[in-house]
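Source file: query.pdb; contents: PDB, C-alpha atoms.
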MODEL        1
ATOM      1  CA  TYR F  28      15.651-150.447  52.626
ATOM      2  CA  ASP F  29      17.060-153.880  51.932
ATOM      3  CA  ILE F  30      17.067-155.087  48.333
ATOM      4  CA  SER F  31      17.899-158.683  47.544
ATOM      5  CA  TYR F  32      18.212-160.609  44.298
ATOM      6  CA  HIS F  33      17.636-164.354  44.254
ATOM      7  CA  THR F  34      19.694-166.047  41.514
ATOM      8  CA  LYS F  35      18.647-169.597  42.417
ATOM      9  CA  ASN F  36      15.028-168.811  41.669
ATOM     10  CA  THR F  37      14.048-169.709  38.091
ATOM     11  CA  ASN F  38      11.807-166.676  37.588
ATOM     12  CA  LYS F  39      14.605-164.194  38.469
ATOM     13  CA  THR F  40      12.733-162.253  41.134
ATOM     14  CA  PHE F  41      14.001-159.050  42.739
ATOM     15  CA  ILE F  42      12.531-158.578  46.211
ATOM     16  CA  PHE F  43      12.270-155.084  47.647
ATOM     17  CA  HIS F  44      11.765-155.343  51.412
ATOM     18  CA  THR F  45       9.903-152.503  53.115
ATOM     19  CA  ASN F  46       8.602-152.078  56.629
ATOM     20  CA  LYS F  47       5.066-152.697  55.270
ATOM     21  CA  GLY F  48       5.831-155.847  53.307
ATOM     22  CA  ASN F  49       7.659-157.130  50.258
ATOM     23  CA  MET F  50       7.458-155.928  46.660
ATOM     24  CA  TYR F  51       8.345-158.470  43.978
ATOM     25  CA  PHE F  52       9.938-157.387  40.706
ATOM     26  CA  LYS F  53      10.008-160.091  38.034
ATOM     27  CA  GLN F  54      11.673-160.183  34.641
ATOM     28  CA  ASN F  55       9.657-160.669  31.498
ATOM     29  CA  ALA F  56      10.740-162.846  28.567
ATOM     30  CA  ILE F  57      13.277-160.302  27.316
ATOM     31  CA  GLY F  58      14.639-159.425  30.770
ATOM     32  CA  LEU F  59      12.804-156.181  31.591
ATOM     33  CA  PRO F  60      11.735-155.868  35.245
ATOM     34  CA  TYR F  61       8.101-155.330  36.211
ATOM     35  CA  ILE F  62       6.031-155.364  39.400
ATOM     36  CA  ASP F  63       3.671-158.286  39.843
ATOM     37  CA  ALA F  64       1.033-156.553  41.978
ATOM     38  CA  THR F  65      -0.834-159.823  42.582
ATOM     39  CA  LYS F  66       2.110-161.228  44.563
ATOM     40  CA  SER F  67       3.060-158.093  46.552
ATOM     41  CA  SER F  68       1.445-157.476  49.903
ATOM     42  CA  GLN F  69      -1.388-154.937  49.742
ATOM     43  CA  ALA F  70       0.372-152.519  52.128
ATOM     44  CA  ALA F  71       3.634-152.579  50.158
ATOM     45  CA  GLN F  72       2.117-151.687  46.784
ATOM     46  CA  VAL F  73       3.027-148.185  45.727
ATOM     47  CA  CYS F  74       2.303-145.781  42.945
ATOM     48  CA  LEU F  75       5.503-144.180  41.647
ATOM     49  CA  VAL F  76       4.528-140.567  40.984
ATOM     50  CA  THR F  77       6.705-137.480  41.058
ATOM     51  CA  THR F  78       4.948-134.608  42.791
ATOM     52  CA  ASN F  79       5.772-131.064  43.820
ATOM     53  CA  ARG F  80       3.590-131.185  46.925
ATOM     54  CA  GLU F  81       6.533-130.314  49.211
ATOM     55  CA  ASN F  82       6.998-127.082  47.214
ATOM     56  CA  TYR F  83       3.549-125.950  48.419
ATOM     57  CA  GLU F  84       4.784-125.706  52.014
ATOM     58  CA  GLY F  85       4.974-122.135  53.265
ATOM     59  CA  TYR F  86       2.236-120.892  50.927
ATOM     60  CA  ASN F  87      -1.428-120.500  51.781
ATOM     61  CA  GLN F  88      -4.206-121.562  49.412
ATOM     62  CA  ARG F  89      -4.577-118.067  47.934
ATOM     63  CA  LYS F  90      -0.865-117.841  47.052
ATOM     64  CA  ILE F  91      -0.982-121.277  45.411
ATOM     65  CA  GLU F  92      -4.041-120.279  43.333
ATOM     66  CA  GLU F  93      -2.265-117.058  42.275
ATOM     67  CA  ALA F  94       0.790-119.112  41.245
ATOM     68  CA  LYS F  95      -1.446-121.416  39.173
ATOM     69  CA  MET F  96      -3.049-118.353  37.546
ATOM     70  CA  ALA F  97       0.427-116.991  36.745
ATOM     71  CA  ARG F  98       1.391-120.305  35.135
ATOM     72  CA  ARG F  99      -1.803-120.259  33.011
ATOM     73  CA  ALA F 100      -1.035-116.661  31.965
ATOM     74  CA  VAL F 101       2.500-117.668  30.911
ATOM     75  CA  ALA F 102       0.995-120.346  28.657
ATOM     76  CA  MET F 103      -1.559-117.919  27.193
ATOM     77  CA  ILE F 104       1.034-115.395  26.078
ATOM     78  CA  GLY F 105       3.457-117.852  24.506
ATOM     79  CA  HIS F 106       5.742-119.102  27.312
ATOM     80  CA  PRO F 107       8.111-116.172  27.860
ATOM     81  CA  THR F 108      10.964-116.540  30.339
ATOM     82  CA  GLU F 109      10.374-115.606  33.986
ATOM     83  CA  ARG F 110      12.348-112.385  33.531
ATOM     84  CA  GLU F 111      10.449-111.379  30.371
ATOM     85  CA  PHE F 112       7.071-112.108  31.957
ATOM     86  CA  MET F 113       8.012-110.160  35.112
ATOM     87  CA  GLY F 114       8.949-107.199  32.900
ATOM     88  CA  MET F 115       5.634-107.381  31.038
ATOM     89  CA  VAL F 116       3.645-107.413  34.282
ATOM     90  CA  ARG F 117       5.692-104.684  36.008
ATOM     91  CA  ASN F 118       5.503-102.347  32.992
ATOM     92  CA  LYS F 119       1.777-103.069  32.551
ATOM     93  CA  MET F 120       2.267-104.307  28.974
ATOM     94  CA  ILE F 121      -0.615-106.779  29.395
ATOM     95  CA  LYS F 122      -4.007-105.150  29.873
ATOM     96  CA  ASN F 123      -6.239-106.424  32.688
ATOM     97  CA  CYS F 124      -3.609-108.885  33.873
ATOM     98  CA  PRO F 125      -4.523-110.029  37.412
ATOM     99  CA  VAL F 126      -1.092-111.601  37.964
ATOM    100  CA  SER F 127       1.368-109.914  40.322
ATOM    101  CA  PRO F 128       5.177-110.168  40.120
ATOM    102  CA  LYS F 129       5.154-112.020  43.457
ATOM    103  CA  ALA F 130       2.721-114.607  42.019
ATOM    104  CA  ILE F 131       5.098-115.139  39.079
ATOM    105  CA  SER F 132       7.994-115.658  41.457
ATOM    106  CA  ASN F 133       5.916-118.079  43.554
ATOM    107  CA  ALA F 134       4.900-120.001  40.421
ATOM    108  CA  TYR F 135       8.511-120.574  39.413
ATOM    109  CA  LYS F 136       9.471-121.549  42.973
ATOM    110  CA  THR F 137       6.520-123.923  43.313
ATOM    111  CA  PHE F 138       6.306-125.504  39.849
ATOM    112  CA  GLY F 139       9.837-124.986  38.563
ATOM    113  CA  PRO F 140      10.625-123.617  35.116
ATOM    114  CA  ASP F 141       7.920-123.609  32.459
ATOM    115  CA  LEU F 142       8.659-126.856  30.592
ATOM    116  CA  ALA F 143       6.979-125.814  27.348
ATOM    117  CA  GLY F 144       9.095-122.664  27.296
ATOM    118  CA  VAL F 145      12.278-124.580  28.082
ATOM    119  CA  ARG F 146      11.566-127.141  25.347
ATOM    120  CA  GLY F 147      10.826-124.428  22.818
ATOM    121  CA  LYS F 148      14.010-122.500  23.561
ATOM    122  CA  THR F 149      16.381-125.466  23.798
ATOM    123  CA  THR F 150      18.508-126.088  20.745
ATOM    124  CA  ARG F 151      19.565-129.546  19.678
ATOM    125  CA  SER F 152      23.136-130.381  20.580
ATOM    126  CA  THR F 153      25.203-132.452  18.202
ATOM    127  CA  THR F 154      25.636-136.040  19.288
ATOM    128  CA  GLU F 155      28.779-138.088  19.013
ATOM    129  CA  ARG F 156      28.996-140.295  15.973
ATOM    130  CA  ALA F 157      28.409-143.965  16.682
ATOM    131  CA  GLU F 158      31.311-146.056  15.474
ATOM    132  CA  MET F 159      30.515-149.374  13.794
ATOM    133  CA  GLU F 160      32.057-152.328  15.543
ATOM    134  CA  TYR F 161      32.054-155.817  14.087
ATOM    135  CA  VAL F 162      32.030-158.791  16.434
ATOM    136  CA  ASP F 163      32.848-162.390  15.556
ATOM    137  CA  ILE F 164      29.871-164.665  16.191
ATOM    138  CA  PRO F 165      30.793-167.711  18.280
ATOM    139  CA  GLN F 166      30.666-171.014  16.353
ATOM    140  CA  ASP F 167      28.315-172.722  18.848
ATOM    141  CA  LEU F 168      25.808-169.860  18.460
ATOM    142  CA  LEU F 169      25.951-170.271  14.687
ATOM    143  CA  GLU F 170      25.290-174.002  15.025
ATOM    144  CA  LEU F 171      22.487-173.513  17.544
ATOM    145  CA  HIS F 172      20.706-170.887  15.419
ATOM    146  CA  LYS F 173      21.458-172.125  11.919
ATOM    147  CA  TYR F 174      18.039-171.054  10.649
ATOM    148  CA  VAL F 175      16.643-167.825  12.089
ATOM    149  CA  SER F 176      13.205-166.369  11.357
ATOM    150  CA  VAL F 177      13.267-162.636  10.771
ATOM    151  CA  SER F 178      10.300-160.285  10.616
ATOM    152  CA  ALA F 179      10.671-156.810   9.135
ATOM    153  CA  ASP F 180       8.443-153.785   8.844
ATOM    154  CA  VAL F 181       8.697-150.055   8.193
ATOM    155  CA  MET F 182       7.948-147.843  11.179
ATOM    156  CA  PHE F 183       7.319-144.105  10.940
ATOM    157  CA  VAL F 184       8.284-141.648  13.681
ATOM    158  CA  ASN F 185       6.984-138.159  12.885
ATOM    159  CA  GLY F 186       6.877-139.145   9.216
ATOM    160  CA  VAL F 187      10.493-140.390   9.155
ATOM    161  CA  PRO F 188      10.785-144.021   7.962
ATOM    162  CA  PHE F 189      12.777-146.673   9.853
ATOM    163  CA  LEU F 190      13.243-150.354   9.016
ATOM    164  CA  VAL F 191      12.579-152.526  12.069
ATOM    165  CA  THR F 192      13.689-156.161  12.118
ATOM    166  CA  VAL F 193      13.089-158.777  14.808
ATOM    167  CA  THR F 194      14.797-162.172  14.924
ATOM    168  CA  HIS F 195      12.465-164.539  16.727
ATOM    169  CA  ALA F 196      14.879-167.162  18.083
ATOM    170  CA  ILE F 197      17.531-164.839  19.506
ATOM    171  CA  LYS F 198      15.163-161.900  20.151
ATOM    172  CA  LEU F 199      17.427-159.375  18.426
ATOM    173  CA  VAL F 200      15.727-156.118  17.419
ATOM    174  CA  THR F 201      17.370-153.739  14.945
ATOM    175  CA  ILE F 202      16.197-150.341  13.745
ATOM    176  CA  GLU F 203      17.743-148.610  10.734
ATOM    177  CA  TYR F 204      16.959-145.194   9.271
ATOM    178  CA  LEU F 205      15.664-145.359   5.676
ATOM    179  CA  GLU F 206      16.684-142.545   3.344
ATOM    180  CA  ASN F 207      14.030-143.658   0.857
ATOM    181  CA  ARG F 208      11.589-146.532   0.540
ATOM    182  CA  THR F 209      12.329-147.626  -2.991
ATOM    183  CA  ALA F 210      14.406-150.749  -3.658
ATOM    184  CA  LYS F 211      17.525-150.521  -5.796
ATOM    185  CA  GLN F 212      17.052-152.086  -9.240
TER     186      GLN F 212
ENDMDL
END

Before anything else, please render the file you have as structure tokens.
Amino acid sequence: YDISYHTKNTNKTFIFHTNKGNMYFKQNAIGLPYIDATKSSQAAQVCLVTTNRENYEGYNQRKIEEAKMARRAVAMIGHPTEREFMGMVRNKMIKNCPVSPKAISNAYKTFGPDLAGVRGKTTRSTTERAEMEYVDIPQDLLELHKYVSVSADVMFVNGVPFLVTVTHAIKLVTIEYLENRTAKQ
């Protein structure tokens, strides 16, 4: 594929050339790229979806259905690891379980690890501390934006408060964690 970027164009368009036509990526007001589907040729428009269809190769329909049943059974009993679930099935610890050890193995080969189980067993790693760095503001920027309008609001993420500010002229967005929501007297 050939990807080109036209800097002379005022709308800052990225063009992705394919053998079926061109796809045009534009930048919005704050510089994020997006696809303008009205300008792209009909044949070149795509849907970007991650699939595991190639993992189905080598399995017949019955084996795939058994793998899906094994994945549903893993969810029903609380997302154990592959090894734990294999042990439960082999030792007949689950009554009337129609899942075979081979179906469990096929499920993990076809669908990958059980994401809910991985998320539940993953511990949070400590992140590096962000160091504060102060930068001198250029004089011409200060003169150009002498008066700046700022909007502020409190945003909650899972009940945790954050102060969000947006400066309209320079489009600067800041987010700060709030320990409490009461003002100092």

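Of the listed residues (F:Gln88, F:Thr201, F:Thr108, F:Asn55), F:Thr108 comes nearest to Val145 (chain F); the distances count only C-alpha atoms.
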
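The closest residue to Leu168 (chain F), picked from F:Ile121, F:Met182, F:Ala196, F:Val187 and counting all atoms listed in the file, is F:Ala196.
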
**Asked** For the atom pair CA of Lys90 (chain F) and CA of Lys129 (chain F), what is the interatomic distance in Å to one decimal place?
**Response**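 Between CA of Lys90 (chain F) and CA of Lys129 (chain F) the gap works out to 9.1 Å.
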
**Asked** Can you list what the PyMOL selection byres ((chain F and resi 135) around 12) grabs from this structure, as a PyMOL selection string?
**Response** chain F and resi 79+82-83+91+93-98+101+108-110+112-113+128-134+136-142

**Prompt:** Using all atoms listed in the file, which residues sit within 9 Å of Thr192 (chain F) once same-chain residues fewer than 5 positions away are excluded, as a list in words?
**Reply:**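 Residues meeting the cut-off are Val177, Ser178, Ala179, Asp180, Val181, Leu199, Val200, Thr201, Ile202 and Glu203 of chain F.
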
Those residues you just picked out, can you put them in a file as a CSV table (one decimal), in the frame of the given file with C-alpha atoms?
chain,number,residue,atom,x,y,z
F,177,VAL,CA,13.3,-162.6,10.8
F,178,SER,CA,10.3,-160.3,10.6
F,179,ALA,CA,10.7,-156.8,9.1
F,180,ASP,CA,8.4,-153.8,8.8
F,181,VAL,CA,8.7,-150.1,8.2
F,199,LEU,CA,17.4,-159.4,18.4
F,200,VAL,CA,15.7,-156.1,17.4
F,201,THR,CA,17.4,-153.7,14.9
F,202,ILE,CA,16.2,-150.3,13.7
F,203,GLU,CA,17.7,-148.6,10.7

Could you spell out the hits of the PyMOL selection byres ((chain F and resi 188) around 9) on the shown file, as a compact mmCIF listing (two decimals) with C-alpha atoms, in the coordinates of the input?
# COMPACT_ATOMS: atom_id res chain seq x y z
CA VAL F 181 8.70 -150.06 8.19
CA MET F 182 7.95 -147.84 11.18
CA PHE F 183 7.32 -144.10 10.94
CA VAL F 184 8.28 -141.65 13.68
CA ASN F 185 6.98 -138.16 12.88
CA GLY F 186 6.88 -139.15 9.22
CA VAL F 187 10.49 -140.39 9.15
CA PHE F 189 12.78 -146.67 9.85
CA LEU F 190 13.24 -150.35 9.02
CA GLU F 203 17.74 -148.61 10.73
CA TYR F 204 16.96 -145.19 9.27
CA LEU F 205 15.66 -145.36 5.68
CA GLU F 206 16.68 -142.54 3.34
CA ASN F 207 14.03 -143.66 0.86
CA ARG F 208 11.59 -146.53 0.54

Please return the centre and edge lengths, in Å to one decimal, of a box with edges along x, y and z that contains all listed atoms of region 195-203 of chain F, widened by 6 Å on every side, as JSON.
{"center_x": 15.1, "center_y": -157.9, "center_z": 15.4, "size_x": 17.3, "size_y": 30.6, "size_z": 21.4}

**Prompt:** To one decimal place, how far is CA of Tyr174 (chain F) from CA of Val162 (chain F) in Å?
**Reply:** 19.5 Å

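The coordinates place CA of His106 (chain F) at 10.1 Å from CA of Arg146 (chain F).
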
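Nearest residue to Val175 (chain F) among F:Phe52, F:Lys119, F:Ala102, F:Thr194 is F:Thr194, counting all atoms listed in the file.
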